>>> print(open('protein10.cif').read())   # mmCIF, C-alpha atoms
data_start
loop_
_atom_site.label_atom_id
_atom_site.label_comp_id
_atom_site.auth_asym_id
_atom_site.auth_seq_id
_atom_site.Cartn_x
_atom_site.Cartn_y
_atom_site.Cartn_z
CA MET A 1 -17.41 102.25 43.12
CA THR A 2 -17.90 99.66 45.88
CA TYR A 3 -15.12 98.24 48.02
CA GLY A 4 -15.41 94.84 49.65
CA ILE A 5 -18.33 92.70 50.74
CA GLU A 6 -19.69 91.50 54.07
CA TYR A 7 -16.99 89.34 55.59
CA ALA A 8 -17.48 85.77 56.78
CA PRO A 9 -14.55 83.86 58.36
CA LEU A 10 -13.25 80.96 56.26
CA MET A 11 -13.13 78.05 58.70
CA ALA A 12 -11.17 74.83 58.31
CA ARG A 13 -10.98 71.63 60.31
CA VAL A 14 -7.52 70.26 61.02
CA GLU A 15 -6.61 66.59 60.63
CA ARG A 16 -3.38 64.64 61.03
CA HIS A 17 -1.61 63.87 57.73
CA LYS A 18 -2.19 60.17 57.01
CA LYS A 19 1.23 59.62 55.42
CA ARG A 20 3.22 62.02 57.63
CA PRO A 21 1.79 61.78 61.18
CA ASP A 22 3.95 64.65 62.44
CA ASP A 23 2.23 67.02 59.99
CA VAL A 24 -1.35 68.25 59.74
CA VAL A 25 -3.63 69.15 56.83
CA ALA A 26 -6.88 71.11 56.72
CA PHE A 27 -10.25 70.75 55.03
CA ILE A 28 -12.52 73.62 53.97
CA LYS A 29 -16.23 72.93 53.49
CA VAL A 30 -17.45 73.32 49.89
CA GLY A 31 -21.18 72.64 49.98
CA ASP A 32 -21.51 69.01 51.11
CA ARG A 33 -17.87 68.30 50.19
CA GLU A 34 -14.44 69.26 51.52
CA GLN A 35 -11.34 70.70 49.86
CA LEU A 36 -7.91 69.45 50.96
CA CYS A 37 -5.55 72.21 52.12
CA PHE A 38 -1.86 72.31 53.07
CA PHE A 39 -0.56 74.79 55.63
CA GLU A 40 2.16 77.21 54.54
CA ARG A 41 5.60 76.07 55.68
CA GLU A 42 7.06 77.98 58.63
CA THR A 43 3.63 79.25 59.71
CA GLN A 44 1.41 78.21 62.61
CA GLN A 45 0.50 74.50 62.46
CA PRO A 46 -2.70 73.98 64.51
CA ALA A 47 -3.36 70.85 66.53
CA ALA A 48 -5.22 67.97 64.89
CA GLY A 49 -8.93 68.18 65.67
CA ALA A 50 -8.98 71.99 65.89
CA ARG A 51 -11.20 74.33 63.88
CA VAL A 52 -9.38 77.48 62.80
CA GLU A 53 -9.92 80.52 60.60
CA VAL A 54 -7.68 80.44 57.54
CA MET A 55 -6.86 82.46 54.45
CA ILE A 56 -6.16 80.91 51.03
CA THR A 57 -2.59 81.83 50.09
CA SER A 58 -2.32 79.98 46.76
CA PRO A 59 -3.58 77.02 44.73
CA VAL A 60 -1.37 73.92 44.46
CA HIS A 61 -1.20 72.55 40.92
CA PRO A 62 0.48 69.25 39.92
CA ARG A 63 3.36 69.10 37.46
CA LYS A 64 3.06 67.56 34.02
CA ASP A 65 6.22 67.13 31.94
CA ARG A 66 8.09 69.42 34.38
CA TYR A 67 5.53 72.22 33.98
CA LEU A 68 2.67 73.19 36.27
CA ASP A 69 -0.66 71.87 35.00
CA PHE A 70 -3.07 74.75 35.67
CA GLY A 71 -5.98 72.62 34.46
CA GLN A 72 -5.65 70.36 37.52
CA LEU A 73 -5.70 71.08 41.26
CA THR A 74 -3.95 69.11 44.00
CA ALA A 75 -4.93 71.23 47.01
CA LEU A 76 -5.10 74.78 48.33
CA ARG A 77 -2.35 76.31 50.45
CA VAL A 78 -3.58 78.15 53.55
CA GLN A 79 -2.38 79.80 56.72
CA VAL A 80 -4.07 80.58 60.02
CA VAL A 81 -5.46 84.13 60.33
CA ASP A 82 -3.76 86.10 63.11
CA LEU A 83 -5.14 89.62 63.59
CA ALA A 84 -1.88 90.69 65.23
CA ARG A 85 -0.09 89.97 61.94
CA HIS A 86 -2.83 90.30 59.31
CA VAL A 87 -5.23 93.08 58.31
CA LEU A 88 -8.47 92.78 56.31
CA VAL A 89 -8.69 95.02 53.23
CA ALA A 90 -11.84 95.69 51.17
CA ILE A 91 -11.08 95.93 47.44
CA ASP A 92 -13.02 97.00 44.37
CA GLY A 93 -11.81 93.89 42.51
CA PHE A 94 -8.71 92.97 40.52
CA SER A 95 -8.51 93.89 36.85
CA GLN A 96 -5.96 93.94 34.05
CA SER A 97 -6.34 96.69 31.47
CA GLY A 98 -3.99 95.26 28.84
CA SER A 99 -1.57 92.44 28.12
CA MET A 100 1.36 94.64 29.15
CA CYS A 101 -0.37 96.05 32.25
CA ARG A 102 -0.18 94.86 35.85
CA THR A 103 -3.13 93.22 37.61
CA LEU A 104 -4.23 95.70 40.28
CA ALA A 105 -7.09 96.62 42.61
CA SER A 106 -7.89 99.58 44.83
CA GLY A 107 -8.59 98.93 48.50
CA VAL A 108 -9.38 100.37 51.92
CA ILE A 109 -9.03 98.90 55.41
CA THR A 110 -12.29 97.32 56.56
CA THR A 111 -13.92 95.72 59.58
CA GLY A 112 -15.83 93.47 57.18
CA PHE A 113 -19.29 94.36 58.47
CA SER A 114 -20.40 95.63 55.04
CA SER A 115 -19.15 96.98 51.73
CA ILE A 116 -17.70 100.51 51.55
CA ASN A 117 -18.80 103.12 49.02
CA ASN A 118 -16.76 105.96 47.50
CA LYS A 119 -18.11 108.55 49.93
CA LEU A 120 -17.00 106.55 52.95
CA ALA A 121 -13.65 105.76 51.33
CA ASP A 122 -13.10 109.50 50.71
CA ALA A 123 -13.89 110.22 54.37
CA MET A 124 -11.06 107.95 55.52
CA ALA A 125 -8.13 110.23 56.26
CA ALA A 126 -4.82 109.34 54.58
CA PRO A 127 -2.24 108.16 55.45
CA THR A 128 -3.77 106.27 58.37
CA LYS A 129 -6.48 104.89 56.09
CA GLY A 130 -7.46 106.04 52.61
CA ARG A 131 -7.23 104.10 49.35
CA MET A 132 -4.36 101.73 48.60
CA THR A 133 -3.18 100.04 45.42
CA ILE A 134 -3.36 96.27 45.91
CA THR A 135 -1.32 93.68 43.99
CA PRO A 136 -2.43 90.02 43.86
CA GLY A 137 0.81 88.42 45.06
CA ARG A 138 0.71 84.66 44.45
CA THR A 139 -2.88 84.20 45.62
CA GLY A 140 -4.22 83.04 42.25
CA VAL A 141 -7.09 85.50 42.57
CA ARG A 142 -9.72 85.87 39.85
CA TYR A 143 -9.45 89.12 37.89
CA ALA A 144 -11.40 91.00 35.23
CA ASP A 145 -9.60 91.01 31.88
CA HIS A 146 -9.98 94.49 30.37
CA ASN A 147 -7.59 93.78 27.51
CA TRP A 148 -9.59 95.28 24.62
CA ASP A 149 -9.96 92.81 21.76
CA SER A 150 -10.59 95.04 18.73
CA PHE A 151 -11.08 92.07 16.40
CA ASN A 152 -13.67 90.15 18.43
CA ARG A 153 -15.17 93.28 20.06
CA ARG A 154 -15.26 91.33 23.33
CA PRO A 155 -17.21 93.19 26.07
CA LEU A 156 -15.32 94.30 29.15
CA THR A 157 -15.62 91.99 32.15
CA PRO A 158 -17.07 93.60 35.29
CA ILE A 159 -14.77 93.59 38.31
CA GLN A 160 -15.94 91.86 41.49
CA PRO A 161 -15.54 93.57 44.89
CA THR A 162 -14.29 91.31 47.69
CA ASN A 163 -11.96 91.26 50.71
CA ILE A 164 -8.32 90.16 50.95
CA TRP A 165 -5.76 89.74 53.72
CA ALA A 166 -2.56 91.81 53.83
CA GLU A 167 0.43 91.67 56.15
CA ARG A 168 0.12 94.07 59.10
CA ASN A 169 2.92 96.49 60.01
CA ALA A 170 3.42 95.87 63.74
CA ALA A 171 4.53 99.47 64.36
CA THR A 172 1.61 101.23 62.62
CA GLY A 173 -1.11 98.59 62.49
CA LEU A 174 -1.51 99.36 58.77
CA PRO A 175 -0.84 97.09 55.78
CA VAL A 176 2.84 96.65 54.89
CA CYS A 177 3.71 98.69 51.79
CA GLN A 178 6.00 97.26 49.13
CA PRO A 179 8.93 99.32 47.73
CA ASN A 180 6.71 100.41 44.82
CA GLY A 181 4.12 101.76 47.27
CA GLY A 182 1.52 99.05 46.69
CA VAL A 183 0.14 96.58 49.21
CA ARG A 184 0.52 92.88 48.38
CA ALA A 185 -2.42 90.54 48.99
CA ILE A 186 -1.22 87.51 50.96
CA GLY A 187 -4.51 85.66 51.27
CA LEU A 188 -8.08 85.32 50.04
CA THR A 189 -11.19 85.06 52.19
CA ARG A 190 -13.33 82.99 49.80
CA ILE A 191 -12.90 80.06 47.43
CA GLU A 192 -15.08 81.93 44.90
CA ASP A 193 -12.33 84.53 44.49
CA LEU A 194 -9.88 82.00 43.06
CA GLU A 195 -9.24 81.90 39.32
CA CYS A 196 -9.40 78.10 39.70
CA ALA A 197 -12.63 78.05 41.75
CA GLU A 198 -14.23 75.67 39.25
CA LEU A 199 -11.42 73.16 39.85
CA VAL A 200 -12.17 73.23 43.58
CA ALA A 201 -15.74 72.16 42.83
CA GLN A 202 -14.35 69.24 40.79
CA THR A 203 -11.68 68.03 43.23
CA ALA A 204 -13.41 68.50 46.61
CA ARG A 205 -13.99 65.15 48.31
CA LYS A 206 -17.05 63.89 50.18
CA ALA A 207 -17.25 65.47 53.64
CA ALA A 208 -16.09 63.28 56.52
#
>>> encode(input="protein10.cif", output="structure tokens")
Amino acid sequence: MTYGIEYAPLMARVERHKKRPDDVVAFIKVGDREQLCFFERETQQPAAGARVEVMITSPVHPRKDRYLDFGQLTALRVQVVDLARHVLVAIDGFSQSGSMCRTLASGVITTGFSSINNKLADAMAAPTKGRMTITPGRTGVRYADHNWDSFNRRPLTPIQPTNIWAERNAATGLPVCQPNGGVRAIGLTRIEDLECAELVAQTARKAA
């Protein structure tokens, strides 16, 4: 089992909102194009013209007949990475083992320099490190569907290791644990990890 991948900061350029000059928006580079991003409300709003490291907190889908249209994408929601409040976690990849099962991953704290194998994960002493159960939160992360289809004999989808951001406990420096003991992912480090990554490729505008 492999946890995580080599980490690269996700950078965004900040621009003043054209319709609401008191607000700012961000743009993430996607090849030779740019994806529009909105900052999370009540989080740090950088100055226009700045370049900042961000995490993807969720996709923004438009509404159609009062319901969210998951086949379309308006923007991505992001927030600025703050290492005093956020911790990077290497995960083996999200998967769902059945229609009645939760989407989960296993993870370990990482510096992001490289992936982590089982031997190294075992060497990390709990409770200060060690493996954690990770839930996807509202990130819209891509996951492997292991719901066995006995009629179609569909092959199992391989899970994809990656890195996620979790909230940091200020007292311990470790990820904040939820009441059920799991750690909730609050942000993604790559567009490729989104379930709607293909929509990003379709909606990204020409780079400024």
>>> residues_around(input="protein10.cif", residues="Ala105 in chain A", least_positions_apart="2", cutoff="6 Å", atoms="only C-alpha atoms", output="PyMOL selection string")
chain A and resi 93-94+133-134
>>> resolve_selection(input="protein10.cif", expression="the PyMOL selection byres ((chain A and resi 23) around 12)", output="PyMOL selection string")
chain A and resi 14-22+24-26+38-41+44-48
>>> residues_around(input="protein10.cif", residues="Glu167 in chain A", least_positions_apart="5", cutoff="12 Å", atoms="all atoms listed in the file", output="NGL selection string")
:A and (55 or 57 or 81-89 or 109 or 134 or 137 or 172-178 or 183-187)
>>> closest_residue(input="protein10.cif", among="A:Thr135, A:Asn117, A:Thr74, A:Asn180", to="Val60 in chain A", atoms="only C-alpha atoms")
A:Thr74
>>> residues_near_point(input="protein10.cif", point="(-13.5, 72.6, 54.9)", cutoff="9 Å", atoms="all atoms listed in the file", output="list in words")
Leu10, Met11, Ala12, Arg13, Val14, Ala26, Phe27, Ile28, Lys29, Val30, Arg33, Glu34, Gln35, Leu36, Cys37 and Ala207 of chain A
>>> resolve_selection(input="protein10.cif", expression="the PyMOL selection byres ((chain A and resi 192) around 12)", output="list in words")
Leu10, Val30, Ile56, Gly140, Val141, Arg142, Tyr143, Gln160, Pro161, Thr162, Asn163, Leu188, Thr189, Arg190, Ile191, Asp193, Leu194, Glu195, Cys196, Ala197, Glu198, Leu199, Val200 and Ala201 of chain A
>>> closest_residue(input="protein10.cif", among="A:Pro158, A:Gly31, A:Gly49, A:Pro59", to="Asp92 in chain A", atoms="all atoms listed in the file")
A:Pro158
